[in-house]
Every structure is written in C-alpha cells, then in structure tokens.
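Here is the file input_12.txt (compact mmCIF, C-alpha atoms).
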# COMPACT_ATOMS: atom_id res chain seq x y z
CA MET M 13 79.74 -10.87 -85.89
CA HIS M 14 76.89 -9.76 -83.70
CA ARG M 15 76.58 -11.19 -80.21
CA LEU M 16 73.26 -12.97 -80.86
CA ASP M 17 73.64 -13.96 -84.51
CA GLY M 18 71.26 -16.78 -85.40
CA LYS M 19 69.69 -16.95 -81.95
CA VAL M 20 65.99 -16.77 -81.10
CA ALA M 21 64.54 -15.10 -77.99
CA ILE M 22 61.09 -15.12 -76.47
CA ILE M 23 60.18 -12.14 -74.27
CA THR M 24 57.04 -11.99 -72.13
CA GLY M 25 55.80 -8.53 -71.31
CA GLY M 26 57.27 -7.91 -74.72
CA GLU M 27 55.13 -4.90 -75.50
CA GLY M 28 56.27 -2.92 -72.43
CA SER M 29 59.12 -0.43 -72.32
CA ILE M 30 61.74 -2.86 -70.99
CA GLY M 31 60.46 -5.65 -73.20
CA MET M 32 60.65 -3.54 -76.35
CA ALA M 33 64.01 -2.00 -75.44
CA THR M 34 65.33 -5.53 -74.94
CA ALA M 35 63.82 -6.71 -78.22
CA ARG M 36 65.43 -3.80 -80.09
CA ALA M 37 68.81 -4.59 -78.53
CA PHE M 38 68.52 -8.29 -79.37
CA VAL M 39 67.50 -7.67 -82.99
CA ALA M 40 70.36 -5.18 -83.39
CA GLU M 41 72.74 -7.95 -82.30
CA GLY M 42 71.38 -10.47 -84.80
CA ALA M 43 68.60 -12.26 -82.93
CA SER M 44 65.04 -13.01 -83.92
CA VAL M 45 62.52 -12.19 -81.21
CA PHE M 46 59.07 -13.43 -80.29
CA LEU M 47 57.03 -11.01 -78.19
CA ALA M 48 54.32 -12.34 -75.89
CA GLY M 49 52.00 -10.04 -73.98
CA ILE M 50 48.43 -9.04 -73.31
CA SER M 51 48.02 -5.96 -75.53
CA GLU M 52 47.55 -7.08 -79.12
CA PRO M 53 47.78 -3.55 -80.60
CA ASP M 54 51.06 -2.86 -78.81
CA LEU M 55 52.46 -6.24 -79.80
CA LYS M 56 51.58 -5.62 -83.45
CA SER M 57 53.16 -2.18 -83.25
CA GLY M 58 56.32 -3.71 -81.82
CA VAL M 59 56.53 -6.31 -84.58
CA ALA M 60 55.95 -3.65 -87.22
CA GLU M 61 58.85 -1.66 -85.80
CA LEU M 62 61.23 -4.62 -85.52
CA GLY M 63 60.50 -6.08 -88.94
CA ASP M 64 60.68 -9.62 -90.26
CA LYS M 65 62.92 -10.81 -87.42
CA ALA M 66 60.00 -10.44 -84.99
CA ALA M 67 56.66 -12.11 -84.36
CA SER M 68 54.17 -12.03 -81.51
CA ALA M 69 51.25 -13.68 -79.77
CA VAL M 70 48.77 -12.61 -77.12
CA ALA M 71 49.34 -14.65 -73.98
CA ASP M 72 48.32 -14.37 -70.34
CA VAL M 73 51.38 -15.64 -68.48
CA THR M 74 49.21 -17.09 -65.70
CA ASP M 75 47.51 -19.44 -68.18
CA SER M 76 49.57 -22.56 -68.92
CA ALA M 77 47.91 -23.33 -72.24
CA GLN M 78 48.44 -19.79 -73.52
CA VAL M 79 52.09 -19.76 -72.47
CA LYS M 80 52.73 -23.12 -74.13
CA ALA M 81 51.00 -21.90 -77.30
CA ALA M 82 53.24 -18.82 -77.39
CA VAL M 83 56.40 -20.89 -76.89
CA ASP M 84 55.31 -23.36 -79.58
CA ALA M 85 54.52 -20.48 -81.94
CA ALA M 86 57.98 -19.01 -81.40
CA VAL M 87 59.64 -22.33 -82.21
CA ASP M 88 57.38 -22.91 -85.21
CA ARG M 89 58.12 -19.43 -86.56
CA PHE M 90 61.89 -19.34 -86.02
CA GLY M 91 62.89 -22.99 -85.69
CA ARG M 92 64.62 -22.85 -82.32
CA LEU M 93 64.83 -21.12 -78.96
CA ASP M 94 68.00 -19.83 -77.29
CA VAL M 95 67.06 -16.98 -74.96
CA VAL M 96 64.08 -16.87 -72.60
CA VAL M 97 63.16 -13.58 -70.92
CA ALA M 98 60.41 -13.82 -68.27
CA ASN M 99 59.60 -10.14 -68.11
CA ALA M 100 55.82 -9.85 -67.62
CA GLY M 101 54.76 -8.01 -64.48
CA ILE M 102 52.18 -5.95 -62.64
CA SER M 103 52.63 -3.57 -59.74
CA GLY M 104 50.13 -5.05 -57.31
CA ALA M 105 48.50 -3.11 -54.49
CA THR M 106 50.07 -0.66 -52.06
CA ALA M 107 48.79 -1.08 -48.50
CA PRO M 108 49.88 -2.10 -44.99
CA ILE M 109 49.81 -5.85 -44.44
CA ALA M 110 46.63 -5.79 -42.35
CA ASP M 111 44.81 -3.99 -45.15
CA TYR M 112 46.52 -5.66 -48.11
CA PRO M 113 43.87 -7.10 -50.48
CA GLU M 114 44.15 -10.85 -50.69
CA ASP M 115 43.07 -10.97 -54.33
CA ALA M 116 45.77 -8.45 -55.26
CA PHE M 117 48.38 -10.50 -53.42
CA ASP M 118 47.32 -13.67 -55.24
CA GLN M 119 47.26 -11.96 -58.64
CA THR M 120 50.68 -10.40 -58.17
CA LEU M 121 52.20 -13.75 -57.23
CA ALA M 122 50.45 -15.37 -60.18
CA VAL M 123 51.79 -12.94 -62.78
CA HIS M 124 55.37 -12.79 -61.50
CA ALA M 125 56.10 -16.16 -59.92
CA ARG M 126 53.65 -18.46 -61.71
CA GLY M 127 54.21 -16.57 -64.96
CA ALA M 128 57.98 -17.07 -64.83
CA PHE M 129 57.50 -20.70 -63.79
CA LEU M 130 55.16 -21.45 -66.69
CA LEU M 131 57.39 -19.79 -69.26
CA CYS M 132 60.39 -21.80 -68.04
CA LYS M 133 58.35 -25.01 -67.82
CA HIS M 134 57.29 -24.80 -71.45
CA ALA M 135 60.44 -23.21 -72.92
CA VAL M 136 63.18 -25.26 -71.26
CA PRO M 137 62.48 -28.46 -73.27
CA HIS M 138 63.37 -26.49 -76.42
CA LEU M 139 66.69 -25.19 -75.09
CA SER M 140 70.14 -26.63 -75.66
CA ALA M 141 73.63 -25.98 -74.29
CA GLY M 142 74.54 -22.30 -74.35
CA ALA M 143 70.97 -21.10 -73.84
CA SER M 144 70.17 -18.34 -71.37
CA VAL M 145 67.12 -17.84 -69.18
CA ILE M 146 66.61 -14.37 -67.69
CA ILE M 147 63.92 -13.57 -65.12
CA THR M 148 63.12 -9.91 -64.56
CA SER M 149 62.92 -9.40 -60.82
CA SER M 150 63.41 -6.00 -59.16
CA VAL M 151 65.49 -4.17 -56.62
CA VAL M 152 62.75 -5.24 -54.18
CA GLY M 153 63.65 -8.83 -54.99
CA LEU M 154 66.92 -8.06 -53.15
CA VAL M 155 65.69 -5.64 -50.49
CA ALA M 156 62.17 -4.57 -49.54
CA ALA M 157 59.99 -1.63 -48.60
CA PRO M 158 56.83 -1.16 -46.57
CA ASN M 159 53.34 -1.66 -48.02
CA ILE M 160 54.28 -3.75 -51.08
CA ALA M 161 53.82 -7.27 -49.69
CA GLY M 162 52.55 -8.69 -52.98
CA TYR M 163 55.18 -7.20 -55.27
CA SER M 164 58.16 -7.77 -52.98
CA THR M 165 57.13 -11.33 -52.16
CA ALA M 166 56.67 -12.13 -55.85
CA LYS M 167 60.03 -10.65 -56.78
CA HIS M 168 61.80 -12.61 -54.04
CA ALA M 169 59.97 -15.75 -55.19
CA GLN M 170 61.45 -15.31 -58.65
CA VAL M 171 64.93 -15.49 -57.14
CA GLY M 172 64.09 -18.83 -55.55
CA LEU M 173 62.82 -20.12 -58.87
CA MET M 174 65.96 -18.88 -60.62
CA ARG M 175 68.31 -20.54 -58.14
CA THR M 176 66.46 -23.85 -58.42
CA LEU M 177 66.59 -23.79 -62.21
CA ALA M 178 70.23 -22.70 -62.29
CA ARG M 179 71.17 -25.83 -60.35
CA GLU M 180 68.77 -28.02 -62.31
CA LEU M 181 69.84 -26.89 -65.78
CA ALA M 182 73.59 -26.42 -65.27
CA PRO M 183 74.35 -30.02 -66.34
CA ARG M 184 72.73 -29.17 -69.68
CA GLY M 185 74.85 -26.04 -70.11
CA ILE M 186 71.83 -23.72 -69.71
CA ARG M 187 72.34 -20.58 -67.63
CA VAL M 188 69.62 -18.98 -65.48
CA ASN M 189 69.90 -15.56 -63.83
CA THR M 190 67.70 -12.80 -62.48
CA ILE M 191 68.00 -9.13 -63.34
CA HIS M 192 66.99 -6.56 -60.72
CA PRO M 193 66.14 -3.12 -62.13
CA GLY M 194 65.69 -0.15 -59.88
CA PRO M 195 63.21 2.59 -60.82
CA VAL M 196 62.93 2.92 -64.59
CA ASP M 197 61.68 5.97 -66.45
CA ASN M 198 58.48 4.43 -67.79
CA GLU M 199 54.74 4.66 -67.18
CA PHE M 200 54.68 1.48 -65.09
CA GLN M 201 57.11 2.97 -62.58
CA HIS M 202 55.57 6.43 -62.57
CA ARG M 203 52.15 4.99 -61.70
CA ILE M 204 53.69 3.13 -58.78
CA GLU M 205 55.41 6.26 -57.53
CA VAL M 206 52.28 8.40 -57.65
CA VAL M 207 50.32 5.81 -55.65
CA ALA M 208 53.18 5.23 -53.18
CA THR M 209 53.80 8.90 -52.44
CA GLY M 210 50.44 10.55 -53.02
CA ALA M 211 52.29 13.27 -54.94
CA ASP M 212 51.90 14.31 -58.55
CA ARG M 213 54.10 12.64 -61.16
CA ASP M 214 56.99 15.12 -61.16
CA ALA M 215 57.11 15.38 -57.39
CA ALA M 216 56.89 11.61 -57.00
CA THR M 217 59.77 11.16 -59.44
CA GLY M 218 61.84 13.58 -57.40
CA ILE M 219 61.08 11.71 -54.19
CA PHE M 220 62.23 8.44 -55.73
CA ASP M 221 65.32 10.06 -57.24
CA GLN M 222 66.38 10.93 -53.69
CA MET M 223 66.27 7.21 -52.79
CA ILE M 224 68.65 6.24 -55.61
CA PRO M 225 72.38 6.73 -54.98
CA LEU M 226 72.89 7.71 -58.63
CA ALA M 227 70.01 10.18 -58.14
CA ARG M 228 68.09 9.34 -61.31
CA HIS M 229 65.85 6.74 -62.91
CA ALA M 230 67.23 4.24 -65.42
CA ALA M 231 66.36 4.45 -69.10
CA PRO M 232 64.78 1.24 -70.44
CA GLU M 233 67.76 0.94 -72.78
CA GLU M 234 70.10 0.68 -69.79
CA ILE M 235 68.19 -2.34 -68.54
CA ALA M 236 68.23 -3.77 -72.07
CA ARG M 237 72.02 -3.56 -72.18
CA ALA M 238 72.21 -5.65 -69.02
CA MET M 239 69.73 -8.09 -70.57
CA MET M 240 72.06 -8.34 -73.57
CA PHE M 241 74.97 -9.20 -71.28
CA LEU M 242 72.99 -12.04 -69.69
CA ALA M 243 71.66 -13.29 -73.03
CA SER M 244 75.02 -13.35 -74.78
CA ASP M 245 78.20 -15.37 -74.34
CA ASP M 246 79.65 -12.35 -72.52
CA SER M 247 78.14 -13.95 -69.39
CA SER M 248 79.02 -17.54 -70.32
CA PHE M 249 80.29 -18.45 -66.82
CA MET M 250 77.45 -16.75 -64.98
CA THR M 251 74.48 -18.67 -63.61
CA GLY M 252 72.45 -18.54 -60.41
CA ALA M 253 73.26 -14.84 -60.08
CA THR M 254 71.23 -11.78 -59.14
CA LEU M 255 72.33 -8.89 -61.36
CA ALA M 256 71.39 -5.54 -59.80
CA VAL M 257 70.86 -2.67 -62.25
CA ASP M 258 69.43 -0.34 -59.66
CA GLY M 259 71.59 2.76 -59.41
CA GLY M 260 72.96 1.52 -56.10
CA MET M 261 69.67 1.08 -54.24
CA SER M 262 70.50 -2.43 -53.01
CA SER M 263 74.03 -1.56 -51.92

As structure tokens:
Amino acid sequence: MHRLDGKVAIITGGEGSIGMATARAFVAEGASVFLAGISEPDLKSGVAELGDKAASAVADVTDSAQVKAAVDAAVDRFGRLDVVVANAGISGATAPIADYPEDAFDQTLAVHARGAFLLCKHAVPHLSAGASVIITSSVVGLVAAPNIAGYSTAKHAQVGLMRTLARELAPRGIRVNTIHPGPVDNEFQHRIEVVATGADRDAATGIFDQMIPLARHAAPEEIARAMMFLASDDSSFMTGATLAVDGGMSS
C-alpha cells in the first residue's frame, strides 16, 4: 500500500516549486490533489503533469469567498478532504523597520497569516479523524533576521495559528503542524537573496550557503518528503510541532 492511498489533499501555492514537488510526492503515494493558486497557466500545467488524480482552481488566499470556493471544488471533485497544506506565500519587502513599507507589511501578513487562517477555516469542517493540516512557515518563523519585519512576523504568526488549531482540533483526531524550510533552490528564494545581498544570483547563493550549516540549499523534493511525513500516518502522534527542514539554520 501507498502511504496516502485514497486520501485527498488541497495545496495552496500549488503551482510553485514546493507546492508541485509536494503534489508529485502525494500523487506517487496514492493521493488525489487539488492545487489552488494565482497563476492559471501554471496550475493547468501542473494538473496536466499529474493526470486525472489532480484538479485546480485559481484562488487568492486573502479572499475568503475564493478560498471557500476552492475548498468546495476540491470536495466536489474528489468527495472528501484529508490533508490541508497552507503553502501560499510572498517574500514581502526588505528594509529597516523605520523604512519598511506599511502596505508591504500588511500584504505579507495577509497572504501568510490570513491565507492560512482562511484555508483552515473553510477546510476544517470537511476533515475527520486522522486528517492532517500542514502550514508552510519558514526558518524565520523560528528565528529571525534584520530587515524582514513583514515576512518574519507573518511566519511567526503562522506558528501561533498552528498551536491554537492543534489544541482545538486534537479532540477530533486532527493533527496540525508547521514545516519550516530553510533556503530552497527555487526562483522565489533566489529573488530574495539577490535583493537581500545586492549581489548577482550566483554570488548571493554563495553568501546564503555560508549561513547554512549543511552549506547548501534544499531541493524542493526534500521539503516535499517532510511534507509527506506530516501528511501520512508516519507522524500519527505528532501535533502542535514545528518541523525544521533548514539545514541546521535554526540550531
């Protein structure tokens, strides 16, 4: 048997590198997946790759009606919901606190914290015992760095949401955890590094590699394997936890 046979997952930010790597891993282990995101072409490409065990919808995670519509579409398409992955995210601005743009701060909180809240709000009523909720935080949801007030605050806020829901949903046998990736080898991360360092892409990558005890970026598939652990019964006695997959950065 596969670890997710017969289960259904919804993944926001599903068209991104971590979202798609996670979707591939879930489908390979027997799940059906529903991808929600903001890029319709990328979502359609993802569904075409994954086949008839996948479907998608465009949804802005800050919009309650759109998130509810995506959740309802997932349940209508596959008949149930067992795994919820709140994975949508943006990088926010990079600036000292006195210069940090207020609109960027608000938007970053909205996508990460409100987005995870809305997905859980609308998905949880469909879940039953044994279900798993995973919120994608970050290494900076465990530690922090200068000049990223929006992103770090949002990622810490997701931990507070997770801990509340873990306590709230435990009597129903539903597990809730956060996953905390370090730097991942994808375009999202490389853009952040170029802005943060002012260096070109290769040099910026090298600078960040020096900050990571394992001295390299993660592959999206490495994050997906940790997602699989949290989604499956392999983590059946794990809830309210912060799972660091960060190459040692938070140690």

Nearby residues (only C-alpha atoms) at most 6 Å from segment 37-53 of chain M, same-chain spacing under 2 positions excluded, as number ranges by chain | M: 14-26, 34-35, 55-56, 65-71, 86

One-decimal distance in Å that lies between atom CA of Ala169 of chain M and atom CA of Leu130 of chain M =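 Between these atoms lies a distance of 13.7 Å.
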
Go ahead and find all residues with at least one atom no further than 12 Å from (72.1, 1.4, -72.4) in the file's coordinates, using all atoms listed in the file; report them as a ChimeraX atom specification.
-> /M:30,33-34,36-37,230-241,257

Determine, counting all atoms listed in the file, which protein, DNA and RNA residues have an atom within 10 Å of an atom of Phe220 of chain M; residues of the same chain fewer than 5 positions away are not included. Present the result as a count of residues only.
-> 9

Distance in Å - atom CA of Thr217 of chain M versus atom CA of Asp197 of chain M |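 So the two atoms, atom CA of Thr217 of chain M and atom CA of Asp197 of chain M, lie 8.9 Å apart.
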
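Interatomic distance, atom CA of Ser76 of chain M to atom CA of Ile204 of chain M: 27.9 Å.
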
In terms of the shortest atom-to-atom distance over all atoms listed in the file, which of M:Thr106, M:Thr254, M:Thr165, M:Gln78 is closest to Val206 of chain M?
-> M:Thr106

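Distance annotation: of M:Asp94, M:Glu61, M:Glu27, M:Asp54, the residue with the minimal separation from Gly185 of chain M is M:Asp94; atom set is all atoms listed in the file.
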
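Distance check against Val123 of chain M using all atoms listed in the file: of M:Asp214, M:Asp111, M:Asp84, M:Asp75, the minimum falls on M:Asp75.
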
Would you compute the box with edges along x, y and z of the file around segment 110-118 of chain M, including every atom the file lists for it and 5 Å extra on each side, and give its centre and edge lengths in Å to one decimal, as AutoDock Vina command-line options?
--center_x 45.7 --center_y -8.8 --center_z -48.8 --size_x 15.3 --size_y 19.7 --size_z 22.9

Using all atoms listed in the file, which protein or nucleic acid residues come within 12 Å of Thr176 of chain M? Drop anything in the same chain fewer than 5 positions from it, and give the result as a PDB file with C-alpha atoms, keeping the file's coordinate frame.
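Generated file (selection-v1.pdb):
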ATOM      1  CA  PHE M 129      57.500 -20.700 -63.790  1.00  0.00           C
ATOM      2  CA  CYS M 132      60.390 -21.800 -68.040  1.00  0.00           C
ATOM      3  CA  ALA M 169      59.970 -15.750 -55.190  1.00  0.00           C
ATOM      4  CA  GLN M 170      61.450 -15.310 -58.650  1.00  0.00           C
ATOM      5  CA  VAL M 171      64.930 -15.490 -57.140  1.00  0.00           C
ATOM      6  CA  LEU M 181      69.840 -26.890 -65.780  1.00  0.00           C
ATOM      7  CA  ALA M 182      73.590 -26.420 -65.270  1.00  0.00           C
ATOM      8  CA  ARG M 187      72.340 -20.580 -67.630  1.00  0.00           C
ATOM      9  CA  VAL M 188      69.620 -18.980 -65.480  1.00  0.00           C
ATOM     10  CA  ASN M 189      69.900 -15.560 -63.830  1.00  0.00           C
ATOM     11  CA  THR M 190      67.700 -12.800 -62.480  1.00  0.00           C
ATOM     12  CA  THR M 251      74.480 -18.670 -63.610  1.00  0.00           C
ATOM     13  CA  GLY M 252      72.450 -18.540 -60.410  1.00  0.00           C
ATOM     14  CA  ALA M 253      73.260 -14.840 -60.080  1.00  0.00           C
TER      15      ALA M 253
END

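In terms of minimum interatomic distance to Val83 of chain M, M:Leu139 ranks closest within M:Met261, M:Leu139, M:Ile191, M:Ala60, counting only C-alpha atoms.
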
Around (47.1, -14.3, -65.6) in the file's own coordinates, what residues are found within 9 Å if you use only C-alpha atoms, given back as a count of residues only?
-> 10

Minimum-distance residue to Lys167 of chain M, chosen among M:Ile186, M:Asn99, M:Ala107, M:Asp115 (using only C-alpha atoms) = M:Asn99

Fill-in result for segment 137-153 of chain M, N, CA and C atoms as a PDB file, keeping the file's coordinate frame:
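Result file is out_18.pdb:
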ATOM      1  N   PRO M 137      62.276 -27.279 -72.410  1.00  0.00           N
ATOM      2  CA  PRO M 137      62.480 -28.460 -73.270  1.00  0.00           C
ATOM      3  C   PRO M 137      63.020 -28.132 -74.657  1.00  0.00           C
ATOM      4  N   HIS M 138      62.880 -26.890 -75.097  1.00  0.00           N
ATOM      5  CA  HIS M 138      63.370 -26.490 -76.420  1.00  0.00           C
ATOM      6  C   HIS M 138      64.802 -25.974 -76.393  1.00  0.00           C
ATOM      7  N   LEU M 139      65.382 -25.821 -75.210  1.00  0.00           N
ATOM      8  CA  LEU M 139      66.690 -25.190 -75.090  1.00  0.00           C
ATOM      9  C   LEU M 139      67.812 -26.224 -75.166  1.00  0.00           C
ATOM     10  N   SER M 140      68.959 -25.768 -75.615  1.00  0.00           N
ATOM     11  CA  SER M 140      70.140 -26.630 -75.660  1.00  0.00           C
ATOM     12  C   SER M 140      71.309 -25.903 -74.996  1.00  0.00           C
ATOM     13  N   ALA M 141      72.458 -26.553 -74.946  1.00  0.00           N
ATOM     14  CA  ALA M 141      73.630 -25.980 -74.290  1.00  0.00           C
ATOM     15  C   ALA M 141      73.937 -24.596 -74.854  1.00  0.00           C
ATOM     16  N   GLY M 142      74.257 -23.673 -73.958  1.00  0.00           N
ATOM     17  CA  GLY M 142      74.540 -22.300 -74.350  1.00  0.00           C
ATOM     18  C   GLY M 142      73.350 -21.373 -74.232  1.00  0.00           C
ATOM     19  N   ALA M 143      72.172 -21.927 -73.979  1.00  0.00           N
ATOM     20  CA  ALA M 143      70.970 -21.100 -73.840  1.00  0.00           C
ATOM     21  C   ALA M 143      71.014 -20.299 -72.549  1.00  0.00           C
ATOM     22  N   SER M 144      70.229 -19.228 -72.534  1.00  0.00           N
ATOM     23  CA  SER M 144      70.170 -18.340 -71.370  1.00  0.00           C
ATOM     24  C   SER M 144      68.732 -18.053 -70.996  1.00  0.00           C
ATOM     25  N   VAL M 145      68.426 -18.198 -69.720  1.00  0.00           N
ATOM     26  CA  VAL M 145      67.120 -17.840 -69.180  1.00  0.00           C
ATOM     27  C   VAL M 145      67.309 -16.637 -68.260  1.00  0.00           C
ATOM     28  N   ILE M 146      66.509 -15.599 -68.480  1.00  0.00           N
ATOM     29  CA  ILE M 146      66.610 -14.370 -67.690  1.00  0.00           C
ATOM     30  C   ILE M 146      65.227 -14.081 -67.100  1.00  0.00           C
ATOM     31  N   ILE M 147      65.170 -13.918 -65.801  1.00  0.00           N
ATOM     32  CA  ILE M 147      63.920 -13.570 -65.120  1.00  0.00           C
ATOM     33  C   ILE M 147      64.039 -12.143 -64.611  1.00  0.00           C
ATOM     34  N   THR M 148      63.105 -11.297 -65.007  1.00  0.00           N
ATOM     35  CA  THR M 148      63.120  -9.910 -64.560  1.00  0.00           C
ATOM     36  C   THR M 148      62.515  -9.812 -63.176  1.00  0.00           C
ATOM     37  N   SER M 149      63.368  -9.652 -62.184  1.00  0.00           N
ATOM     38  CA  SER M 149      62.920  -9.400 -60.820  1.00  0.00           C
ATOM     39  C   SER M 149      62.928  -7.886 -60.609  1.00  0.00           C
ATOM     40  N   SER M 150      63.447  -7.421 -59.503  1.00  0.00           N
ATOM     41  CA  SER M 150      63.410  -6.000 -59.160  1.00  0.00           C
ATOM     42  C   SER M 150      64.387  -5.762 -58.019  1.00  0.00           C
ATOM     43  N   VAL M 151      64.706  -4.502 -57.801  1.00  0.00           N
ATOM     44  CA  VAL M 151      65.490  -4.170 -56.620  1.00  0.00           C
ATOM     45  C   VAL M 151      64.793  -4.687 -55.366  1.00  0.00           C
ATOM     46  N   VAL M 152      63.452  -4.732 -55.364  1.00  0.00           N
ATOM     47  CA  VAL M 152      62.750  -5.240 -54.180  1.00  0.00           C
ATOM     48  C   VAL M 152      62.668  -6.766 -54.187  1.00  0.00           C
ATOM     49  N   GLY M 153      63.378  -7.414 -55.104  1.00  0.00           N
ATOM     50  CA  GLY M 153      63.650  -8.830 -54.990  1.00  0.00           C
ATOM     51  C   GLY M 153      64.961  -9.075 -54.247  1.00  0.00           C
TER      52      GLY M 153
END
